[in-house]
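**Q** Please find my_file08.txt (compact mmCIF, C-alpha atoms) on the next line:
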# COMPACT_ATOMS: atom_id res chain seq x y z
CA MET A 143 120.36 62.59 100.77
CA GLY A 144 118.92 60.44 98.01
CA LYS A 145 115.66 60.19 99.89
CA SER A 146 115.56 63.94 100.47
CA ALA A 147 116.21 64.64 96.80
CA LEU A 148 113.53 62.13 95.84
CA ARG A 149 111.05 63.76 98.25
CA ASP A 150 111.82 67.20 96.84
CA THR A 151 111.24 65.93 93.33
CA THR A 152 108.01 64.27 94.40
CA GLU A 153 106.78 67.44 96.13
CA GLN A 154 107.55 69.48 93.03
CA GLY A 155 105.76 66.95 90.88
CA MET A 156 102.75 66.92 93.20
CA HIS A 157 102.63 70.70 93.23
CA ARG A 158 102.82 70.82 89.45
CA ALA A 159 100.12 68.19 89.14
CA ASP A 160 97.93 70.09 91.60
CA PHE A 161 98.51 73.32 89.71
CA ASN A 162 97.71 71.75 86.35
CA ASN A 163 94.70 69.81 87.62
CA ALA A 164 93.26 72.66 89.61
CA SER A 165 93.63 75.32 86.99
CA ARG A 166 93.03 72.89 84.16
CA VAL A 167 95.66 74.73 82.20
CA ARG A 168 95.48 73.95 78.55
CA PRO A 169 97.81 75.24 75.90
CA THR A 170 95.88 78.21 74.59
CA ARG A 171 96.58 79.50 71.15
CA GLY A 172 94.68 81.81 68.85
CA ALA A 173 92.05 84.08 70.34
CA PRO A 174 92.39 85.23 73.96
CA PRO A 175 89.99 83.53 76.41
CA SER A 176 86.57 85.06 76.98
CA LEU A 177 85.13 85.89 80.39
CA PRO A 178 84.14 82.64 82.16
CA ARG A 179 80.45 82.12 82.84
CA TRP A 180 80.92 81.87 86.62
CA VAL A 181 82.58 85.33 86.66
CA LYS A 182 79.58 86.79 84.77
CA VAL A 183 77.14 85.16 87.22
CA LEU A 184 79.12 86.43 90.20
CA ALA A 185 79.29 89.95 88.70
CA ILE A 186 75.49 90.00 88.15
CA ILE A 187 74.86 88.84 91.73
CA ALA A 188 77.26 91.51 93.06
CA LEU A 189 75.51 94.16 90.97
CA VAL A 190 72.07 93.12 92.23
CA LEU A 191 73.30 93.18 95.84
CA PHE A 192 74.80 96.63 95.28
CA VAL A 193 71.53 97.96 93.84
CA VAL A 194 69.59 96.48 96.79
CA PHE A 195 72.07 98.13 99.17
CA LEU A 196 71.64 101.50 97.45
CA LEU A 197 67.84 101.19 97.54
CA LEU A 198 67.91 100.39 101.25
CA ARG A 199 70.40 103.16 101.92
CA PHE A 200 68.49 105.90 100.16
CA THR A 201 64.89 104.85 100.73
CA LEU A 202 64.43 102.70 103.82
CA ILE A 203 66.96 104.30 106.22
CA PRO A 204 65.76 107.92 105.69
CA TYR A 205 62.23 106.59 106.19
CA ILE A 206 63.24 105.00 109.51
CA HIS A 207 64.92 108.25 110.56
CA HIS A 208 61.74 110.09 109.66
CA VAL A 209 59.56 107.63 111.60
CA SER A 210 61.79 107.64 114.68
CA GLY A 211 61.78 111.44 114.61
CA GLN A 212 57.97 111.45 114.55
CA THR A 213 57.66 109.01 117.42
CA GLY A 214 59.99 111.05 119.55
CA LEU A 215 62.30 108.11 120.00
CA GLY A 216 65.15 110.26 118.74
CA ASP A 217 68.60 109.25 119.92
CA GLN A 218 67.42 107.26 122.90
CA THR A 219 66.26 104.22 120.99
CA PRO A 220 68.28 102.56 118.27
CA LEU A 221 66.69 103.07 114.89
CA THR A 222 66.76 99.38 114.20
CA SER A 223 64.61 98.68 117.22
CA VAL A 224 61.70 100.19 115.33
CA ILE A 225 62.02 97.36 112.85
CA VAL A 226 63.35 94.62 115.08
CA SER A 227 61.23 94.99 118.15
CA GLY A 228 58.28 96.65 116.49
CA GLY A 229 58.49 100.01 118.24
CA GLN A 230 55.34 102.06 118.53
CA LEU A 231 55.03 104.20 115.46
CA VAL A 232 52.20 106.42 116.60
CA MET B 174 110.43 85.33 91.71
CA ILE B 175 108.93 81.92 92.48
CA LEU B 176 109.29 80.49 95.98
CA PRO B 177 110.63 76.94 96.43
CA PRO B 178 107.90 74.32 97.06
CA ARG B 179 108.45 74.08 100.82
CA LEU B 180 108.18 77.84 101.35
CA ARG B 181 105.18 77.94 99.05
CA LYS B 182 103.46 75.29 101.15
CA PHE B 183 104.32 77.17 104.33
CA ALA B 184 102.94 80.46 102.94
CA LEU B 185 99.75 78.69 101.87
CA THR B 186 99.37 77.07 105.30
CA VAL B 187 99.71 80.45 107.03
CA HIS B 188 97.20 82.00 104.61
CA VAL B 189 94.66 79.21 105.22
CA ILE B 190 95.05 79.42 109.02
CA ILE B 191 94.57 83.20 109.03
CA SER B 192 91.66 83.13 106.62
CA VAL B 193 89.89 80.41 108.60
CA GLY B 194 90.49 82.48 111.74
CA TRP B 195 88.95 85.49 110.05
CA LEU B 196 85.90 83.48 109.00
CA GLY B 197 85.47 82.14 112.54
CA ALA B 198 85.82 85.62 114.04
CA VAL B 199 83.14 86.95 111.69
CA VAL B 200 80.77 84.16 112.76
CA GLY B 201 81.42 85.11 116.40
CA PHE B 202 80.87 88.76 115.53
CA LEU B 203 77.54 87.89 113.88
CA ALA B 204 76.44 86.06 117.03
CA LEU B 205 77.37 89.07 119.19
CA ALA B 206 75.64 91.47 116.80
CA ILE B 207 72.44 89.41 116.96
CA ALA B 208 72.74 89.27 120.76
CA SER B 209 73.05 93.05 120.86
CA LEU B 210 69.79 93.65 119.05
CA PRO B 211 67.52 95.85 121.18
CA SER B 212 64.78 93.26 121.46
CA ARG B 213 67.05 91.10 123.67
CA ASP B 214 67.74 91.19 127.36
CA SER B 215 69.25 94.56 128.29
CA ALA B 216 72.16 93.01 130.26
CA THR B 217 73.11 90.91 127.23
CA VAL B 218 72.89 93.96 125.01
CA ARG B 219 75.17 95.97 127.31
CA ALA B 220 77.67 93.10 127.52
CA ALA B 221 77.70 92.54 123.78
CA TYR B 222 79.00 96.00 122.81
CA PRO B 223 82.44 95.71 124.46
CA ALA B 224 82.74 92.15 123.17
CA ILE B 225 82.01 93.37 119.64
CA GLU B 226 84.61 96.09 119.99
CA VAL B 227 87.29 93.70 121.22
CA THR B 228 86.48 91.11 118.55
CA VAL B 229 86.62 93.69 115.79
CA TRP B 230 89.80 95.48 116.91
CA TRP B 231 91.82 92.53 118.14
CA VAL B 232 90.74 89.70 115.88
CA ILE B 233 88.89 90.74 112.74
CA VAL B 234 91.04 93.73 111.75
CA PRO B 235 94.44 91.97 112.18
CA PHE B 236 93.20 88.78 110.54
CA ALA B 237 91.65 90.64 107.60
CA PHE B 238 94.85 92.49 106.75
CA ALA B 239 97.05 89.46 107.48
CA SER B 240 94.87 87.42 105.14
CA LEU B 241 95.34 90.05 102.43
CA LEU B 242 99.10 90.07 102.94
CA THR B 243 99.56 86.30 103.01
CA GLY B 244 97.24 85.98 100.02
CA LEU B 245 99.41 88.41 98.09
CA ILE B 246 102.54 86.44 99.02
CA SER B 247 100.90 83.14 98.10
CA SER B 248 99.86 84.44 94.71
CA LEU B 249 102.70 86.72 93.64
CA PHE B 250 105.48 84.27 94.51
CA THR B 251 103.89 81.18 92.98
CA PRO B 252 103.05 80.25 89.39
CA TRP B 253 99.43 81.22 90.05
CA GLY B 254 100.16 84.94 89.94
CA LEU B 255 97.73 87.63 91.05
CA PHE B 256 96.19 88.61 87.72
CA ARG B 257 96.53 85.39 85.72
CA TYR B 258 93.48 83.42 86.89
CA TRP B 259 90.00 84.77 87.48
CA TRP B 260 89.48 82.90 90.74
CA VAL B 261 92.66 84.43 92.25
CA LEU B 262 91.71 87.90 91.04
CA VAL B 263 88.13 87.65 92.34
CA LYS B 264 89.41 86.44 95.71
CA PHE B 265 91.81 89.38 95.83
CA LEU B 266 89.01 91.84 95.01
CA ILE B 267 86.78 90.30 97.68
CA ASN B 268 89.58 90.64 100.24
CA VAL B 269 90.29 94.28 99.32
CA PHE B 270 86.58 95.15 99.34
CA ALA B 271 86.11 93.46 102.74
CA CYS B 272 89.04 95.43 104.17
CA ILE B 273 87.65 98.74 102.84
CA VAL B 274 84.18 98.03 104.27
CA LEU B 275 85.80 97.01 107.55
CA LEU B 276 87.66 100.33 107.73
CA GLN B 277 84.42 102.18 107.04
CA TYR B 278 82.73 100.19 109.78
CA LEU B 279 85.52 101.03 112.26
CA ARG B 280 84.82 104.72 111.76
CA SER B 281 81.25 104.26 112.92
CA LEU B 282 82.03 101.74 115.65
CA ASN B 283 81.94 104.39 118.37
CA ALA B 284 78.36 105.21 117.54
CA MET B 285 77.45 101.63 118.32
CA ALA B 286 74.32 102.49 120.28
CA ASP B 287 72.60 103.34 117.04
CA MET B 288 73.87 100.58 114.81
CA SER B 289 73.13 97.12 116.11
CA GLY B 290 71.14 96.27 113.01
CA GLU B 291 73.97 97.62 110.91
CA SER B 292 76.37 95.29 112.70
CA VAL B 293 74.21 92.31 111.79
CA ALA B 294 74.15 93.48 108.18
CA HIS B 295 77.93 93.95 108.15
CA ALA B 296 78.57 90.54 109.70
CA SER B 297 76.17 88.80 107.31
CA GLY B 298 77.71 90.49 104.29
CA ALA B 299 81.23 89.69 105.42
CA LEU B 300 80.27 86.06 106.02
CA LEU B 301 78.76 85.81 102.54
CA PHE B 302 81.89 87.25 100.91
CA LEU B 303 84.22 85.02 102.90
CA LEU B 304 82.18 81.93 102.03
CA VAL B 305 82.39 82.83 98.35
CA ALA B 306 86.16 83.26 98.70
CA THR B 307 86.43 79.88 100.44
CA VAL B 308 84.44 78.14 97.70
CA LEU B 309 86.66 79.75 95.05
CA SER B 310 89.79 78.57 96.88
CA VAL B 311 88.60 75.00 97.08
CA TYR B 312 87.06 74.59 93.61
CA LYS B 313 89.47 76.86 91.71
CA PRO B 314 87.06 77.35 88.78
CA ARG B 315 88.69 77.49 85.39
CA GLY B 316 89.29 80.69 83.52
CA MET B 317 92.39 82.60 82.62
CA THR B 318 92.52 86.37 82.29
CA ARG B 319 93.79 88.04 79.12
CA TYR B 320 96.94 88.99 80.99
CA GLY B 321 97.48 85.38 82.10
CA TRP B 322 96.83 84.15 78.59
CA ARG B 323 99.38 86.59 77.13
CA LYS B 324 101.95 85.57 79.76
CA GLN B 325 101.42 81.88 79.09
CA HIS B 326 101.61 82.47 75.36
CA ALA B 327 104.88 84.40 75.76
CA GLN B 328 106.36 81.70 78.00
CA HIS B 329 105.32 79.01 75.54
CA GLN B 330 107.02 80.91 72.70
CA VAL B 331 110.20 81.39 74.77
CA GLY B 332 110.19 77.68 75.61
CA THR B 333 109.77 76.71 71.96
CA THR B 334 112.56 79.07 70.86
CA GLU B 335 114.91 77.76 73.54
CA ALA B 336 114.18 74.16 72.56
CA ALA B 337 114.81 74.96 68.89
CA LEU B 338 118.10 76.72 69.73
CA ALA B 339 119.22 73.79 71.89
CA SER B 340 118.37 71.38 69.11
CA MET B 341 120.34 73.46 66.55
CA HIS B 342 123.28 73.68 68.93
CA GLU B 343 123.31 69.89 69.37
CA ARG B 344 123.26 69.36 65.62
CA SER B 345 126.11 71.79 64.99
CA ASP B 346 128.29 70.52 67.91
CA PRO B 347 130.81 67.94 66.51
CA SER B 348 131.29 66.23 69.89
CA VAL B 349 127.56 65.58 70.16
CA GLN B 350 127.49 64.26 66.58
CA GLU B 351 130.40 61.92 67.33
CA ALA B 352 128.72 60.68 70.47
CA ALA B 353 125.59 60.03 68.48
CA ILE B 354 127.51 58.05 65.84
CA LYS B 355 129.25 55.94 68.50
Can the structure from this file be put into structure tokens for me?

**A**
Amino acid sequence: MGKSALRDTTEQGMHRADFNNASRVRPTRGAPPSLPRWVKVLAIIALVLFVVFLLLRFTLIPYIHHVSGQTGLGDQTPLTSVIVSGGQLV
Amino acid sequence: MILPPRLRKFALTVHVIISVGWLGAVVGFLALAIASLPSRDSATVRAAYPAIEVTVWWVIVPFAFASLLTGLISSLFTPWGLFRYWWVLVKFLINVFACIVLLQYLRSLNAMADMSGESVAHASGALLFLLVATVLSVYKPRGMTRYGWRKQHAQHQVGTTEAALASMHERSDPSVQEAAIK
């Protein structure tokens, strides 16, 4: 029983140490914390990816649809094959 | 409510296993999506579509939602909380976003003949998001949200008040004073 109690205490202590080390919790007083730099960087990257996605969605894909319609590939050939396998455009 | 340490460890283990499974399934899905590109051998392309469907429905979808659920348990019932630390919150947002995109993808899964390139894009995006989530889990970058800061501040004040009250009680208790004199 003593060993079990000791192990429990040790596990709790290890968890607390892990929590404190990992989060690097410091007693914060005064002004609330500002947005961390890594969150800003991640947000900018996400925004850029979103803009790229929108550009592809509204410019490239309609263009591919248009091209595949002109070539008469229609529904028989996947649209992506025009890009991937270099389908005949004319 | 905070779980006891053993249950906490168990919940975390389940969450890690499921999340790793999800990551592995997405890598497999990416391989199948690349194999199903029209430039490949037509037999491989035909075989890849059912494999993609099975992988998505039987592995990726259950693992994605199980990861979300176990992540919620691991955060809400531990001192980390869900909205206290930026890395937990960002991981949660990534998980929710991945589940929404996955649901959108399921709607168009039947029209697979026209979307092999889209599958590659989906798999690549999912892999990127899951890798970011994994890095966040391992490094746990610092940064507390305003909500977390307020909570910590309130707990600190409660702790200080309780300590002061206990100290006053000890001073006013005659038995404690006698024990101290002896």

**Q** Using all atoms of segment 174-190 of chain A that appear in the file, construct an axis-aligned enclosing box with 4 Å of padding on every side and provide its centre coordinates and edge lengths in Å, rounded to one decimal, as AutoDock Vina command-line options.

**A**
--center_x 82.2 --center_y 88.0 --center_z 83.5 --size_x 28.3 --size_y 20.3 --size_z 27.1

**Q** Pick out the chain B residues within 9 Å of chain A. Count only C-alpha atoms. Give them as number ranges by chain.

**A** B: 177-179, 210-213, 252-253, 258-260, 263, 286-291, 312-319, 322-323, 325-326, 329

**Q** Which one of B:Cys272, B:Ile267, B:Ser340, B:His188 sits closest to Leu301 of chain B if you count all atoms listed in the file?

**A** B:Ile267

**Q** In Å, with one decimal, what is the gap from atom CA of Leu245 of chain B to atom CA of Val261 of chain B?

**A**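 Atom CA of Leu245 of chain B sits 9.8 Å away from atom CA of Val261 of chain B.
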
**Q** For atom CA of Ala220 of chain B and atom CA of Val199 of chain B, determine how far apart the two atoms are, in Å to one decimal place.

**A**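 Interatomic distance here is 17.8 Å.
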
**Q** Quick one: distance from atom CA of Tyr320 of chain B to atom CA of Ala339 of chain B in Å, one decimal?

**A**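 These two atoms are separated by 28.5 Å.
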
**Q** Taking into account only C-alpha atoms, which residue in the set B:Val293, B:Val308, B:Leu255, B:Ala336 is nearest to Ser209 of chain B?

**A**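 Closest to Ser209 of chain B of all the choices is B:Val293.
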
**Q** Give me, as a PyMOL selection string, all polymer residues having an atom no more than 7 Å from Thr243 of chain B, counting only C-alpha atoms and skipping those fewer than 4 positions away in the same chain.

**A** chain B and resi 184+188+239+247

**Q** Can you tell me which residues surround Val200 of chain B at a distance of at most 12 Å, considering only C-alpha atoms, apart from same-chain residues fewer than 6 positions away, and format the answer as a PDB file with C-alpha atoms, in the frame of the given file?

**A**
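Below is the file that was written, out_26.pdb:
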ATOM      1  CA  VAL B 193      89.890  80.410 108.600  1.00  0.00           C
ATOM      2  CA  GLY B 194      90.490  82.480 111.740  1.00  0.00           C
ATOM      3  CA  ALA B 206      75.640  91.470 116.800  1.00  0.00           C
ATOM      4  CA  ILE B 207      72.440  89.410 116.960  1.00  0.00           C
ATOM      5  CA  ILE B 225      82.010  93.370 119.640  1.00  0.00           C
ATOM      6  CA  THR B 228      86.480  91.110 118.550  1.00  0.00           C
ATOM      7  CA  VAL B 229      86.620  93.690 115.790  1.00  0.00           C
ATOM      8  CA  VAL B 232      90.740  89.700 115.880  1.00  0.00           C
ATOM      9  CA  ILE B 233      88.890  90.740 112.740  1.00  0.00           C
ATOM     10  CA  SER B 292      76.370  95.290 112.700  1.00  0.00           C
ATOM     11  CA  VAL B 293      74.210  92.310 111.790  1.00  0.00           C
ATOM     12  CA  HIS B 295      77.930  93.950 108.150  1.00  0.00           C
ATOM     13  CA  ALA B 296      78.570  90.540 109.700  1.00  0.00           C
ATOM     14  CA  SER B 297      76.170  88.800 107.310  1.00  0.00           C
ATOM     15  CA  GLY B 298      77.710  90.490 104.290  1.00  0.00           C
ATOM     16  CA  ALA B 299      81.230  89.690 105.420  1.00  0.00           C
ATOM     17  CA  LEU B 300      80.270  86.060 106.020  1.00  0.00           C
ATOM     18  CA  LEU B 301      78.760  85.810 102.540  1.00  0.00           C
ATOM     19  CA  LEU B 303      84.220  85.020 102.900  1.00  0.00           C
ATOM     20  CA  LEU B 304      82.180  81.930 102.030  1.00  0.00           C
TER      21      LEU B 304
END
